[in-house]
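Before any comments, here is the structure.
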Amino acid sequence: MKWTTTIGIVVAVTLTALSIDGCKKNNDFAPTPMPLVVPQGFPPPTQVFAENPPTKEGFELGRRLFYDGRLAKDGQISCASCHQQFAAFATFDHDLSHGVNNQLTTRNSPALFNLAWYTSFHWDGGINHLEVQPLAPITAPNEMGETVENVIGKLQFDARYRTMFKAAFGTEEINSQRMLKAIAQFVGSMVSANSKYDQMKRGTAVFTPIEQNGYQVFLAKCNVCHREPLFTDNSFRNIGLPVNGLNDKGRMAITGRREDSLKFKVPTLRNIMLSFPFMHDGRFVGFDQVFNHYSRGGVPSATLDPLLRSGIPLNNNERNALLAFFQTLTDQEFIQNPLFSAPR
Amino acid sequence: MKWRAAYISSVFALMLCGCQRELNFADNGLTDGITYRLVLEHTAGAQPLQLNVAQTNTLNETYTVSTLRYYISGIELRGDQASGDKEYHLIDLSSPTTTNILAKAAKGNYRNIRFLLGVDSIRNVSGAQTGALDPANGMFWTWNTGYIMWKLEGSSPQSNEPNQRITYHIGGFASPYATQKECVLPIPENIRLETNNTVEILIRCDVNGFFQQRHQLPIAANAVCTAPGQLAAQYADNYQNIFQVTSVRQ
């Protein structure tokens with residue numbers, strides 16, 4: 001049943017790509033479809049690829065752009081500067097990301113994978129579509145500090161890009177829409193679904209007793225928000241972190257609604273061993289601080305999540321078991337997959 | 001099984017859309033649409049609005065406009081029938097050609113013109129766009145996805161901002177603070193659209209109304225509005241009512 005689903009999707013997407021191509025006048029333009037494969041047990045993805053079906057050529061173009069420092073004003077900072085593959089595309093061991101001219105941002109760089117299942121982007125959910133997400137870091141003065149116009153200008157000067165845009169989109173034209181669609185094809189195709197946890201679910205691996213204990217603790221105490229199989233429910237919640245000097249109001253800055261004050265997106269727990277420090281501002285460097293926070297409960301406020309009012313007690317046995325379980329969420333295949341590494 | 005059926009049918013539906021998009025004109029019956037012209041004229045009250053020249057609004061405040069850009073889309077003529085095209089236009093006062101719009105509608109008799117001041121919500125949630133909607137045009141918010149429908153920048157002695165700046169970036173596409181507004185304007189005489197390029201509709205936009213129309217919004221009270229919300233929606237209520245068809249040539 002699951003396999004037939006996957007095969008059905010592959011066939012349908014291939015047909016789509018072929019038929020869309022058939023509508024075009026230029027019949028020698030035939031990029032190779034590279035449809036998103038939905039892992040067993042995953043829900044259906046969002047419509048992110050509805051008007052932008054991934055192709056090998058589009059993916060490769062997106063990959064080159066992702067690793068290209070020319071997207072930044074200083075020619076140095078690429079998407080990959082803050083989204084490192086060995087850290088599951090988060091920034092390893094950094095609380096806040098760095099931008100051009102020795103600047104710090106105000107948020108912790110999130111890990112990137114399974115984005116085709118995300119309904120919004122950024123800790124505050126301010127971005128409503130994967131394709132337009134890169135505009136935020138590219139233009140933010142404390143991130144890549146560049147203008148869209150300049151980036152396109154720089155790319156147009158590069159003959160290799162002209163060739164790659166033609167391969168991906170049929171002509172050499174380089175514009176922001178094509179650039180953004182290519183990046184979306186690359187990052188949207190990053191799927192992490194082969195951790196030990198996934199293998200256990202598929203019946204090809206067995207948890208040790210402590211991992212199994214940890215899984216039970218997780219199901220009892222974490223799964224409400226960090227819901228399987230994505231390990232996030234895509235919601236925004238205030239877990240009651242004390243307001244610090246960054247004075248980040250979270251989702252309220254986007255919606256303007258008081259009920260959204262101090263709410264941030266629930267991050268995935270997949271690859272959690274690689275994506276520390278934790279929280280939207282990276283304030284917790286280790287699991288002890290995280291577990292202590294949840295055990296104590298959050299700072300009371302009107303928007304504090306009800307689940308955090310009296311805390312979620314975690315004793316030492318439970319903490320150790322959870323840590324063992326979290327290890328099973330690391331997807332070595334994903335972080336070493338040469339498809340996603342810097343192009344040569 | 002259910003999922004598979006849903007996938008395949010939705011994918012096939014998309015496939016059809018993919019083909020249809022290029023045929024939109026035919027779908028609208030506009031393969032032989034008649035081209036007509038809209039000419040936008042901007043004023044501050046009775047005076048022509050000139051960039052970088054001081055004007056006075058109806059609240060007796062002096063202001064100077066350095067930038068005025070806004071979107072017009074979904075232009076449609078209404079009469080015996082409603083007929084229009086699906087183009088998006090970015091009007092930019094610093095580029096006079098943009099105040100001259102070529103639009104298309106089917107043959108017929110018409111009494112009203114309708115357009116959206118701004119960009120419909122669908123285009124605000126559908127990812128990367130191009131042409132008039134290219135984010136490189138500086139009319140797109142990168143931190144809170146969505147188009148700036150109307151951008152007015154300049155200065156005023158009534159502003160307490162640095163350099164007495166006034167900055168109005170009006171956007172936000174979601175209710176209750178949607179700033180894309182439908183304008184329906186009566187045309188003083190019936191128009192008959194029969195042959196290309198013979199009809200020209202002159203539309204006046206009185207920018208003074210931005211500050212006082214349905215709401216009274218003095219510069220002294222708000223010299224800056226750069227986020228979606230109630231204030232932005234009030235400015236949008238105002239600009240919904242500042243357009244008027246002044247004459248027709250046919």
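The chains in the structure tokens are called A, B, ... from first to last as shown; in each chain the residues are counted from 1, and the ligands are counted from 1 in the order shown.
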Exercise: A:Lys265 partners within 12 Å, only C-alpha atoms, chain neighbours under 3 positions left out, as number ranges by chain:
A: 110, 118-127, 225-226, 232-239, 250-252, 260, 262, 268, 279-280
Taking 3 positions as the minimum chain separation for residues in the same chain, which residues sit within 12 Å of A:Leu314 when counting only C-alpha atoms? Answer as a VMD selection string.
chain A and resid 214 217 to 218 220 to 222 287 to 288 290 to 297 311 317 to 323
Please dump the current selection as a CSV table (one decimal), in the first residue's frame; keep C-alpha atoms.
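Wrote again_21.csv, looks like this:
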```
chain,number,residue,atom,x,y,z
A,214,GLY,CA,13.2,7.3,26.1
A,217,VAL,CA,9.0,9.2,27.9
A,218,PHE,CA,8.9,11.2,24.6
A,220,ALA,CA,4.1,10.7,27.2
A,221,LYS,CA,5.7,14.2,27.6
A,222,CYS,CA,6.9,15.7,24.3
A,287,PHE,CA,20.1,19.5,27.5
A,288,ASP,CA,20.3,20.1,31.3
A,290,VAL,CA,16.4,22.5,28.5
A,291,PHE,CA,15.2,19.8,30.8
A,292,ASN,CA,15.3,22.1,33.8
A,293,HIS,CA,13.2,24.7,32.1
A,294,TYR,CA,10.5,22.2,31.1
A,295,SER,CA,10.6,20.6,34.6
A,296,ARG,CA,10.1,23.9,36.3
A,297,GLY,CA,7.6,25.3,33.9
A,311,GLY,CA,5.9,22.3,34.3
A,317,ASN,CA,16.1,8.4,34.7
A,318,GLU,CA,13.7,10.0,32.3
A,319,ARG,CA,16.3,12.6,31.2
A,320,ASN,CA,18.9,9.9,30.5
A,321,ALA,CA,16.4,7.8,28.6
A,322,LEU,CA,15.3,10.9,26.5
A,323,LEU,CA,18.9,11.6,25.7
```
Among listed residues B:Ala236, B:Thr226, B:Lys151, B:Gln244, nearest B:Pro188 (using only C-alpha atoms):
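Closest candidate: B:Gln244.
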In stretch 100-244 of chain B, what's helix (DSSP H, G or I) per DSSP? Answer as a ChimeraX atom specification?
/B:121-124,131-133,135-137,162-164,207-210,230-239
Provide the atom CA of A:Tyr67 to atom CA of A:Val187 distance in Å, to one decimal place.
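Between these atoms lies a distance of 11.5 Å.
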Taking into account only C-alpha atoms, which residue in the set A:Ile152, A:Val191, A:Leu104, A:Ile312 is nearest to chain B?
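Looking at the shortest contact to chain B, the residue is A:Ile152.
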Determine, counting only C-alpha atoms, which protein, DNA and RNA residues have an atom within 9 Å of an atom of stretch 242-247 of chain A; residues of the same chain fewer than 4 positions away are not included. Present the result as a ChimeraX atom specification.
/A:106,262,281,298-299
Keeping only N, CA, C and O atoms, write the selected residues to a file as a CSV table (one decimal), in the first residue's frame.
```csv
chain,number,residue,atom,x,y,z
A,106,THR,N,19.6,38.1,15.6
A,106,THR,CA,18.9,38.0,16.9
A,106,THR,C,18.3,36.6,17.1
A,106,THR,O,17.6,36.4,18.1
A,262,LEU,N,5.3,36.4,22.5
A,262,LEU,CA,6.3,35.5,22.9
A,262,LEU,C,6.1,34.1,22.4
A,262,LEU,O,6.7,33.1,22.9
A,281,ASP,N,16.7,31.7,20.4
A,281,ASP,CA,17.9,32.6,20.5
A,281,ASP,C,19.1,31.8,21.0
A,281,ASP,O,20.1,32.4,21.4
A,298,GLY,N,7.2,27.4,32.7
A,298,GLY,CA,7.5,28.6,32.1
A,298,GLY,C,7.2,29.8,33.0
A,298,GLY,O,6.4,29.7,34.0
A,299,VAL,N,7.7,31.0,32.7
A,299,VAL,CA,7.4,32.2,33.3
A,299,VAL,C,5.9,32.5,33.1
A,299,VAL,O,5.4,32.5,31.9
```
May I ask for the distance between atom CA of A:Arg162 and atom CA of A:Ala140, given in Å to one decimal place?
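According to the coordinates, atom CA of A:Arg162 and atom CA of A:Ala140 are separated by 26.2 Å.
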Restricting the calculation to only C-alpha atoms: of B:Ala106, B:Ala227, B:Leu202, B:Leu117, which residue gets closest to chain A?
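Answer, going by the shortest atom-to-atom distance: B:Ala227.
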Which residue, A:Glu173, A:Asp74, A:Asp158, A:Asp68, has the smallest gap to chain B when you use only C-alpha atoms?
A:Glu173
DSSP strand (DSSP E or B) residues within stretch 106-327 of chain A, listed as a ChimeraX atom specification
/A:121,127,236-238,250,263-265,278,284,304
Please produce a file of those selected residues containing N, CA and C atoms, as an mmCIF file, in the first residue's frame.
```cif
data_model
loop_
_atom_site.group_PDB
_atom_site.id
_atom_site.type_symbol
_atom_site.label_atom_id
_atom_site.label_comp_id
_atom_site.auth_asym_id
_atom_site.auth_seq_id
_atom_site.Cartn_x
_atom_site.Cartn_y
_atom_site.Cartn_z
ATOM 1 N N PHE A 121 7.721 29.542 7.709
ATOM 2 C CA PHE A 121 9.160 29.547 7.926
ATOM 3 C C PHE A 121 9.544 30.699 8.846
ATOM 4 N N ILE A 127 7.245 33.992 7.179
ATOM 5 C CA ILE A 127 7.360 33.680 5.754
ATOM 6 C C ILE A 127 6.333 32.602 5.418
ATOM 7 N N PHE A 236 2.705 27.541 16.952
ATOM 8 C CA PHE A 236 3.489 28.572 17.645
ATOM 9 C C PHE A 236 3.069 28.549 19.106
ATOM 10 N N ARG A 237 4.041 28.497 20.001
ATOM 11 C CA ARG A 237 3.719 28.402 21.427
ATOM 12 C C ARG A 237 4.683 29.224 22.244
ATOM 13 N N ASN A 238 4.173 29.725 23.366
ATOM 14 C CA ASN A 238 5.014 30.406 24.347
ATOM 15 C C ASN A 238 5.318 29.400 25.442
ATOM 16 N N GLY A 250 8.489 37.461 19.182
ATOM 17 C CA GLY A 250 8.075 36.288 18.425
ATOM 18 C C GLY A 250 6.949 36.568 17.456
ATOM 19 N N LYS A 263 5.267 33.903 21.387
ATOM 20 C CA LYS A 263 5.114 32.575 20.790
ATOM 21 C C LYS A 263 6.144 32.385 19.672
ATOM 22 N N PHE A 264 6.723 31.194 19.639
ATOM 23 C CA PHE A 264 7.691 30.838 18.602
ATOM 24 C C PHE A 264 7.313 29.479 18.039
ATOM 25 N N LYS A 265 7.804 29.232 16.838
ATOM 26 C CA LYS A 265 7.466 27.961 16.195
ATOM 27 C C LYS A 265 8.070 26.789 16.965
ATOM 28 N N PHE A 278 20.037 25.524 21.907
ATOM 29 C CA PHE A 278 18.599 25.383 21.719
ATOM 30 C C PHE A 278 17.834 26.674 21.986
ATOM 31 N N PHE A 284 20.092 28.118 25.467
ATOM 32 C CA PHE A 284 20.444 26.916 26.223
ATOM 33 C C PHE A 284 21.490 26.124 25.446
ATOM 34 N N LEU A 304 1.274 32.098 28.068
ATOM 35 C CA LEU A 304 2.029 30.881 28.399
ATOM 36 C C LEU A 304 1.213 29.646 28.009
#
```
Please, what distance in Å, to one decimal, runs between atom CA of B:Ala221 and atom CA of B:Met149?
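Value for the atom CA of B:Ala221-atom CA of B:Met149 distance: 21.6 Å.
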Excluding B:Glu76 and residues on its chain fewer than 5 positions from it, collect all residues at most 7 Å away from it, counting only C-alpha atoms, and give them as a ChimeraX atom specification.
/B:82-85,113-115
Prev. selection, C-alpha atoms, output as an mmCIF file, in the first residue's frame:
```
data_model
loop_
_atom_site.group_PDB
_atom_site.id
_atom_site.type_symbol
_atom_site.label_atom_id
_atom_site.label_comp_id
_atom_site.auth_asym_id
_atom_site.auth_seq_id
_atom_site.Cartn_x
_atom_site.Cartn_y
_atom_site.Cartn_z
ATOM 1 C CA ALA B 82 -17.771 42.209 -16.998
ATOM 2 C CA SER B 83 -14.584 41.735 -18.948
ATOM 3 C CA GLY B 84 -10.921 42.298 -18.206
ATOM 4 C CA ASP B 85 -7.407 40.915 -18.180
ATOM 5 C CA ILE B 113 -14.364 50.362 -14.459
ATOM 6 C CA ARG B 114 -13.191 48.103 -11.669
ATOM 7 C CA PHE B 115 -9.673 47.381 -10.429
#
```
